[in-house]
Amino acid sequence: MLIKLLEASRATKRVISLCYDSFAIVLGVYFSNCIRFGTFDLLITSKELTALLITLLTTLVIFIKSGMYRAILRYMTQPAIVTIIICVLLSGVTLAVSGFLTYSKIPRSVPFIYIGLMLILIGGPRLLVRHVILKMGALPPGDMVPVIIYGAGRTGHQLMLALRDTGYRVVAFVDDNSSLHGTLLANIKIHSPAELPRLITATSAVKVLLALGRTPHSLRLEIIKQLEKLQINVQTIPDMGDILSGRAHIENVRDVDVEDLLGRDSVQPLSDLMAESITDKVVMVTGAGGSIGSELCRQIIECKPKALILLDHNEYSLYVLEQELAARNLPLVSIVPLLGSVQNSAFLKSVFKNHRVNSIYHAAAYKHVPLVESNIVEGIKNNVIGTLCCAEAAVAAGVGLFVLISTDKAVRPTNIMGASKRLAELILQSVAQRQELTRFVMVRFGNVLGSSGSVVPLFRKQIKDGGPVTVTHPEIIRYFMTIKEASQLVIQAGAMGKGGDVFVLDMGEPVKIVDLALRMIHLSGLSVRDAANPEGDIEIRYSGLRPGEKLYEELLIGDNVFATDHPRIFKALERSVSWGEMEIFLNKLNIACEMDEPNKIKHMLREMPLEYNWALTEEQDPPRAALSRVS
């Protein structure tokens, strides 16, 4: 019978609720008078019946208008309970007023008794039905996953409520606030973080879920470092921005963000710098389908350009990006996807002129060190000749701003990719010397999280597969920054450039890659398998430095660096080359590319002030490999 009732249509359930509430209202009025007079034998006249009818009809209208019959009982929460209380209070007021207007013999104390009874008669059955439904649908306690929530604030409470139907069972709260220790949240005790080892053992908890709200990443890192020692799986709720926008739900717990692993707090972008070269302007992004290029497009479109031109030669990447940006429903922003190569000068000049481009963000490049090392000619043609073609087309079309996305690997490069990016910087500086219309700006930064080829998703996959986790060298370190922050800083640096400027981004503290791998293993609730722990879960295997790879990267060539208006953007003064000298070199380099002479190109790169540190050991051409474009 109960199951049939639960499976009935919404309309049937609403009719049943309406009938019950009508009966409860009549019962409530009758019993409140019985309590007041101390007898069940009441003298009821037409006046009392009229007051009852007015109270009944008015109360049902109040219930309907307040949405009480639209609420789903199993999901009834605090706001629904507040609604019931308000409706009952209004019903009590209606009884008092109707009794007064009809001159019925209803004592003034009866409405107060009525309110108390109605809270029981209306609210009680709803809470009871909700409890029964939840118990019927809940998993047996033994089948639920015991978890501990770190954070006993509003976010932690919301997470606990959201987890009720997900197979998780919250066994304890943990919070750094000592004033909360020993108190109860939703009948669950709040503990000190120092008690975690004991709690994990006592409750058999298999996960710690972080509900830290808007806690800065630097503080999150301190918490994560403490949890790392416990070898328990640590997960977190989605980003608060995604929850508020509806892109994610609080119960969609996932692995700890790599931003939390690094402990780097982003700086809010300066709105005037973000808008200066974008708002109401025609903006182009080359390599738009790549990881950095696509994030640049996302940031640019938020600044409301007149038009955003997406240039890439990967059809699928371009299609996906166009669909994503179009879904943002910004009718005043024209999105123009273009398939093409940055090495096609005639095509570029036509596009720049026809669309009257104001600002260009040049992100098109081959960036994977080993692949470019094995494909020298294509790497130079794309990264160097492509940049030259874009720069000359920009000057010819009168483009106001040209920003090159550079890399820390351009500083004293030991590989072709880094050398090609340093040469691209020098090209733009030399072009800037021979004209004043186009401002050329170079922005140099390290590794970005979330870009293609990033170590973090690779480590996650290797851990999921049971290992081994591969690290090239035990001492290798790298700078990291989120792709969103890097893109915002690139846009702001571009707005500050005067022409021929090299800006470097403050990447924070460098990260030892093996430490990052260890932290990710421990936060997955696993142990490292090594000589000291042969029974561990995941092995870390050192594969050796790849061709052209350095143990550490640098951001500055010299010591001439100056602060700017932004705390994380610095300006570097570095050696440049005259256009006459550069033009002669580029002609020779272009011939070497056309003749497909990679070994000669490596020799030629030493002719320019790149501080290219590669030592030629073999005279034969390097092995060839298929090179996929990553912009």
# chains A, B, ... in the order shown; residues from 1 in each chain; ligands from 1

call {"tool": "select_by_dssp", "arguments": {"residues": "segment 427-587 of chain A", "states": "strand (DSSP E or B)", "output": "ChimeraX atom specification"}}
result
/A:439-444,447-449,469-471,477-478,480-482,501-505,511-512,524,528-529,538-542,561-563,569-572

call {"tool": "write_last_selection", "arguments": {"atoms": "N, CA and C atoms", "output": "compact mmCIF listing (two decimals), in the first residue's frame"}}
result
# COMPACT_ATOMS: atom_id res chain seq x y z
N ARG A 439 52.75 47.82 -31.69
CA ARG A 439 53.48 47.56 -30.45
C ARG A 439 53.70 46.05 -30.33
N PHE A 440 54.97 45.65 -30.29
CA PHE A 440 55.29 44.23 -30.13
C PHE A 440 55.67 43.96 -28.68
N VAL A 441 54.99 42.97 -28.09
CA VAL A 441 55.20 42.64 -26.68
C VAL A 441 55.42 41.13 -26.56
N MET A 442 56.39 40.74 -25.76
CA MET A 442 56.66 39.33 -25.52
C MET A 442 56.41 39.00 -24.06
N VAL A 443 55.68 37.94 -23.79
CA VAL A 443 55.39 37.54 -22.41
C VAL A 443 55.93 36.13 -22.18
N ARG A 444 56.80 36.03 -21.19
CA ARG A 444 57.53 34.78 -20.94
C ARG A 444 57.09 34.18 -19.60
N ASN A 447 55.61 26.56 -17.02
CA ASN A 447 54.59 25.56 -17.32
C ASN A 447 53.22 25.99 -16.80
N VAL A 448 52.20 25.69 -17.58
CA VAL A 448 50.84 25.99 -17.15
C VAL A 448 50.10 24.68 -16.86
N LEU A 449 49.36 24.70 -15.76
CA LEU A 449 48.59 23.52 -15.38
C LEU A 449 47.38 23.39 -16.28
N VAL A 469 54.72 5.57 -11.73
CA VAL A 469 54.72 6.99 -12.05
C VAL A 469 56.13 7.34 -12.56
N THR A 470 56.19 7.91 -13.77
CA THR A 470 57.49 8.16 -14.38
C THR A 470 57.91 9.61 -14.20
N VAL A 471 59.10 9.80 -13.64
CA VAL A 471 59.71 11.12 -13.47
C VAL A 471 61.06 11.06 -14.17
N ILE A 477 63.14 20.30 -11.44
CA ILE A 477 62.16 21.24 -10.88
C ILE A 477 61.57 22.07 -12.00
N ARG A 478 60.36 22.54 -11.78
CA ARG A 478 59.67 23.35 -12.78
C ARG A 478 58.83 24.42 -12.08
N PHE A 480 55.24 26.45 -12.13
CA PHE A 480 53.87 26.16 -12.57
C PHE A 480 52.96 27.34 -12.30
N MET A 481 51.94 27.47 -13.14
CA MET A 481 50.92 28.49 -12.99
C MET A 481 49.64 27.95 -13.61
N THR A 482 48.49 28.34 -13.07
CA THR A 482 47.24 27.90 -13.68
C THR A 482 47.08 28.55 -15.04
N ASP A 501 58.95 45.20 -25.74
CA ASP A 501 59.11 44.83 -24.33
C ASP A 501 59.09 43.32 -24.14
N VAL A 502 59.90 42.87 -23.18
CA VAL A 502 59.86 41.47 -22.74
C VAL A 502 59.36 41.48 -21.30
N PHE A 503 58.20 40.87 -21.09
CA PHE A 503 57.66 40.77 -19.73
C PHE A 503 57.81 39.33 -19.25
N VAL A 504 58.12 39.19 -17.97
CA VAL A 504 58.20 37.86 -17.36
C VAL A 504 57.19 37.82 -16.22
N LEU A 505 56.55 36.68 -16.06
CA LEU A 505 55.52 36.52 -15.04
C LEU A 505 56.12 35.89 -13.79
N VAL A 511 58.68 23.99 -8.25
CA VAL A 511 58.18 22.76 -7.65
C VAL A 511 59.06 21.59 -8.09
N LYS A 512 59.48 20.80 -7.13
CA LYS A 512 60.23 19.59 -7.44
C LYS A 512 59.23 18.53 -7.92
N SER A 524 46.05 9.95 -2.81
CA SER A 524 45.17 8.91 -3.38
C SER A 524 44.97 7.76 -2.40
N VAL A 528 54.15 4.61 -1.53
CA VAL A 528 55.18 4.49 -2.56
C VAL A 528 55.94 3.18 -2.37
N ARG A 529 56.12 2.46 -3.46
CA ARG A 529 56.90 1.23 -3.42
C ARG A 529 58.36 1.56 -3.72
N ILE A 538 52.57 2.05 -5.34
CA ILE A 538 52.96 2.69 -6.59
C ILE A 538 54.46 2.93 -6.61
N GLU A 539 55.10 2.50 -7.69
CA GLU A 539 56.54 2.74 -7.85
C GLU A 539 56.76 4.05 -8.61
N ILE A 540 57.79 4.80 -8.19
CA ILE A 540 58.24 5.97 -8.95
C ILE A 540 59.48 5.54 -9.73
N ARG A 541 59.39 5.65 -11.06
CA ARG A 541 60.49 5.20 -11.92
C ARG A 541 61.10 6.41 -12.63
N TYR A 542 62.42 6.51 -12.58
CA TYR A 542 63.14 7.62 -13.20
C TYR A 542 63.57 7.21 -14.60
N VAL A 561 65.80 43.66 -14.40
CA VAL A 561 64.37 43.41 -14.33
C VAL A 561 63.73 44.48 -13.47
N PHE A 562 62.54 44.95 -13.88
CA PHE A 562 61.90 46.05 -13.19
C PHE A 562 60.44 45.72 -12.92
N ALA A 563 59.93 46.25 -11.81
CA ALA A 563 58.52 46.04 -11.45
C ALA A 563 57.62 46.85 -12.37
N ILE A 569 53.83 40.87 -12.66
CA ILE A 569 54.37 41.08 -14.00
C ILE A 569 55.61 41.97 -13.89
N PHE A 570 56.72 41.49 -14.46
CA PHE A 570 57.97 42.24 -14.42
C PHE A 570 58.48 42.46 -15.84
N LYS A 571 59.21 43.55 -16.01
CA LYS A 571 59.76 43.89 -17.33
C LYS A 571 61.25 43.62 -17.32
N ALA A 572 61.74 42.92 -18.35
CA ALA A 572 63.16 42.58 -18.45
C ALA A 572 63.80 43.36 -19.60

call {"tool": "atom_distance", "arguments": {"atom1": "atom CA of Val455 of chain A", "atom2": "atom CA of His473 of chain A"}}
result
13.3 Å

call {"tool": "residues_around", "arguments": {"residues": "Leu589 of chain A", "least_positions_apart": "3", "cutoff": "10 Å", "atoms": "only C-alpha atoms", "output": "number ranges by chain"}}
result
A: 377, 380-381, 384-385, 583-586, 592-595, 597, 600-601, 604-605

call {"tool": "write_last_selection", "arguments": {"atoms": "C-alpha atoms", "output": "PDB file, in the first residue's frame"}}
result
ATOM      1  CA  VAL A 377      62.734  21.899 -39.620  1.00  0.00           C
ATOM      2  CA  ILE A 380      61.653  26.239 -36.836  1.00  0.00           C
ATOM      3  CA  LYS A 381      59.205  26.899 -39.696  1.00  0.00           C
ATOM      4  CA  VAL A 384      60.206  31.165 -36.120  1.00  0.00           C
ATOM      5  CA  ILE A 385      59.060  31.675 -39.734  1.00  0.00           C
ATOM      6  CA  GLU A 583      67.048  39.855 -41.951  1.00  0.00           C
ATOM      7  CA  ILE A 584      70.298  38.376 -43.294  1.00  0.00           C
ATOM      8  CA  PHE A 585      70.139  35.541 -40.772  1.00  0.00           C
ATOM      9  CA  LEU A 586      66.477  34.764 -41.457  1.00  0.00           C
ATOM     10  CA  ALA A 592      68.125  25.817 -44.741  1.00  0.00           C
ATOM     11  CA  CYS A 593      64.512  24.983 -43.946  1.00  0.00           C
ATOM     12  CA  GLU A 594      63.590  24.760 -47.638  1.00  0.00           C
ATOM     13  CA  MET A 595      66.600  22.475 -48.203  1.00  0.00           C
ATOM     14  CA  GLU A 597      68.880  20.632 -43.389  1.00  0.00           C
ATOM     15  CA  LYS A 600      72.794  22.941 -40.396  1.00  0.00           C
ATOM     16  CA  ILE A 601      69.969  24.756 -38.638  1.00  0.00           C
ATOM     17  CA  MET A 604      73.145  28.320 -37.470  1.00  0.00           C
ATOM     18  CA  LEU A 605      71.240  28.963 -34.246  1.00  0.00           C
TER      19      LEU A 605
END

call {"tool": "residues_around", "arguments": {"residues": "Gln429 of chain A", "least_positions_apart": "6", "cutoff": "12 Å", "atoms": "only C-alpha atoms", "output": "JSON, numbers by chain"}}
result
{"A": [387, 388, 391, 402, 403, 404, 422, 423, 435, 436, 438, 439, 440, 441, 442, 498, 499, 500, 501, 502, 573, 574, 575, 576, 577, 578, 579, 582]}

call {"tool": "write_last_selection", "arguments": {"atoms": "C-alpha atoms", "output": "PDB file, in the first residue's frame"}}
result
ATOM      1  CA  THR A 387      56.100  34.371 -36.068  1.00  0.00           C
ATOM      2  CA  LEU A 388      57.930  36.440 -38.700  1.00  0.00           C
ATOM      3  CA  ALA A 391      54.642  40.114 -37.430  1.00  0.00           C
ATOM      4  CA  PHE A 402      51.024  42.086 -31.178  1.00  0.00           C
ATOM      5  CA  VAL A 403      51.662  39.847 -28.138  1.00  0.00           C
ATOM      6  CA  LEU A 404      53.927  36.786 -28.383  1.00  0.00           C
ATOM      7  CA  ARG A 422      64.055  32.960 -28.061  1.00  0.00           C
ATOM      8  CA  LEU A 423      64.697  33.651 -31.737  1.00  0.00           C
ATOM      9  CA  GLN A 435      58.460  50.866 -37.213  1.00  0.00           C
ATOM     10  CA  GLU A 436      56.308  52.550 -34.575  1.00  0.00           C
ATOM     11  CA  THR A 438      52.546  48.183 -34.072  1.00  0.00           C
ATOM     12  CA  ARG A 439      53.483  47.563 -30.448  1.00  0.00           C
ATOM     13  CA  PHE A 440      55.288  44.231 -30.131  1.00  0.00           C
ATOM     14  CA  VAL A 441      55.199  42.637 -26.676  1.00  0.00           C
ATOM     15  CA  MET A 442      56.661  39.329 -25.520  1.00  0.00           C
ATOM     16  CA  LYS A 498      55.264  50.179 -25.226  1.00  0.00           C
ATOM     17  CA  GLY A 499      56.989  48.244 -28.019  1.00  0.00           C
ATOM     18  CA  GLY A 500      59.759  45.645 -28.004  1.00  0.00           C
ATOM     19  CA  ASP A 501      59.110  44.834 -24.327  1.00  0.00           C
ATOM     20  CA  VAL A 502      59.862  41.473 -22.739  1.00  0.00           C
ATOM     21  CA  LEU A 573      65.772  44.527 -20.399  1.00  0.00           C
ATOM     22  CA  GLU A 574      67.692  42.097 -22.596  1.00  0.00           C
ATOM     23  CA  ARG A 575      69.978  42.191 -25.584  1.00  0.00           C
ATOM     24  CA  SER A 576      68.371  42.728 -28.993  1.00  0.00           C
ATOM     25  CA  VAL A 577      69.506  42.444 -32.621  1.00  0.00           C
ATOM     26  CA  SER A 578      69.190  45.037 -35.411  1.00  0.00           C
ATOM     27  CA  TRP A 579      66.749  44.330 -38.216  1.00  0.00           C
ATOM     28  CA  MET A 582      68.247  39.663 -38.341  1.00  0.00           C
TER      29      MET A 582
END

call {"tool": "select_by_dssp", "arguments": {"residues": "segment 100-331 of chain A", "states": "alpha helix (DSSP H)", "output": "number ranges by chain"}}
result
A: 100-101, 110-118, 124-137, 154-162, 196-203, 217-228, 240-245, 258-262, 271-276, 291-302, 315-326

call {"tool": "residues_around", "arguments": {"residues": "His191 of chain A", "least_positions_apart": "4", "cutoff": "8 Å", "atoms": "only C-alpha atoms", "output": "number ranges by chain"}}
result
A: 172-175, 180-182, 195

call {"tool": "write_last_selection", "arguments": {"atoms": "N, CA and C atoms", "output": "CSV table (one decimal), in the first residue's frame"}}
result
chain,number,residue,atom,x,y,z
A,172,ALA,N,32.4,11.9,10.8
A,172,ALA,CA,32.9,12.9,11.7
A,172,ALA,C,33.2,14.2,10.9
A,173,PHE,N,33.2,15.3,11.6
A,173,PHE,CA,33.7,16.5,11.0
A,173,PHE,C,35.0,16.9,11.7
A,174,VAL,N,35.9,17.6,10.9
A,174,VAL,CA,37.1,18.1,11.4
A,174,VAL,C,37.3,19.5,11.0
A,175,ASP,N,37.7,20.3,12.0
A,175,ASP,CA,37.8,21.8,11.7
A,175,ASP,C,39.0,22.4,12.5
A,180,LEU,N,35.0,25.2,17.9
A,180,LEU,CA,34.0,24.2,17.4
A,180,LEU,C,34.2,22.8,17.9
A,181,HIS,N,35.4,22.6,18.4
A,181,HIS,CA,35.8,21.2,18.8
A,181,HIS,C,34.9,20.7,20.0
A,182,GLY,N,34.4,19.5,19.8
A,182,GLY,CA,33.5,18.9,20.8
A,182,GLY,C,32.0,19.3,20.6
A,195,GLU,N,43.2,14.8,15.9
A,195,GLU,CA,42.6,13.6,16.1
A,195,GLU,C,42.4,12.7,14.9

call {"tool": "residues_around", "arguments": {"residues": "Ala186 of chain A", "least_positions_apart": "6", "cutoff": "10 Å", "atoms": "only C-alpha atoms", "output": "CSV table (one decimal) with C-alpha atoms, in the first residue's frame"}}
result
chain,number,residue,atom,x,y,z
A,157,HIS,CA,27.1,21.2,6.3
A,160,MET,CA,26.9,16.5,4.4
A,161,LEU,CA,23.3,17.1,3.3

call {"tool": "residues_around", "arguments": {"residues": "Leu210 of chain A", "least_positions_apart": "5", "cutoff": "10 Å", "atoms": "only C-alpha atoms", "output": "number ranges by chain"}}
result
A: 148-152, 155-156, 159, 174, 220, 223-224, 234-238, 253-256

call {"tool": "closest_residue", "arguments": {"among": "A:Leu518, A:Arg169, A:Met68, A:Lys105", "to": "Ser46 of chain A", "atoms": "only C-alpha atoms"}}
result
A:Lys105

call {"tool": "atom_distance", "arguments": {"atom1": "atom CA of Ser359 of chain A", "atom2": "atom CA of Pro413 of chain A"}}
result
28.7 Å

call {"tool": "closest_residue", "arguments": {"among": "A:Leu437, A:Leu119, A:Leu428, A:Leu89", "to": "Asp21 of chain A", "atoms": "only C-alpha atoms"}}
result
A:Leu119

call {"tool": "atom_distance", "arguments": {"atom1": "atom CA of Pro337 of chain A", "atom2": "atom CA of Lys349 of chain A"}}
result
16.3 Å

call {"tool": "closest_residue", "arguments": {"among": "A:Leu43, A:Leu185, A:Val61, A:Leu127", "to": "Tyr30 of chain A", "atoms": "only C-alpha atoms"}}
result
A:Leu43
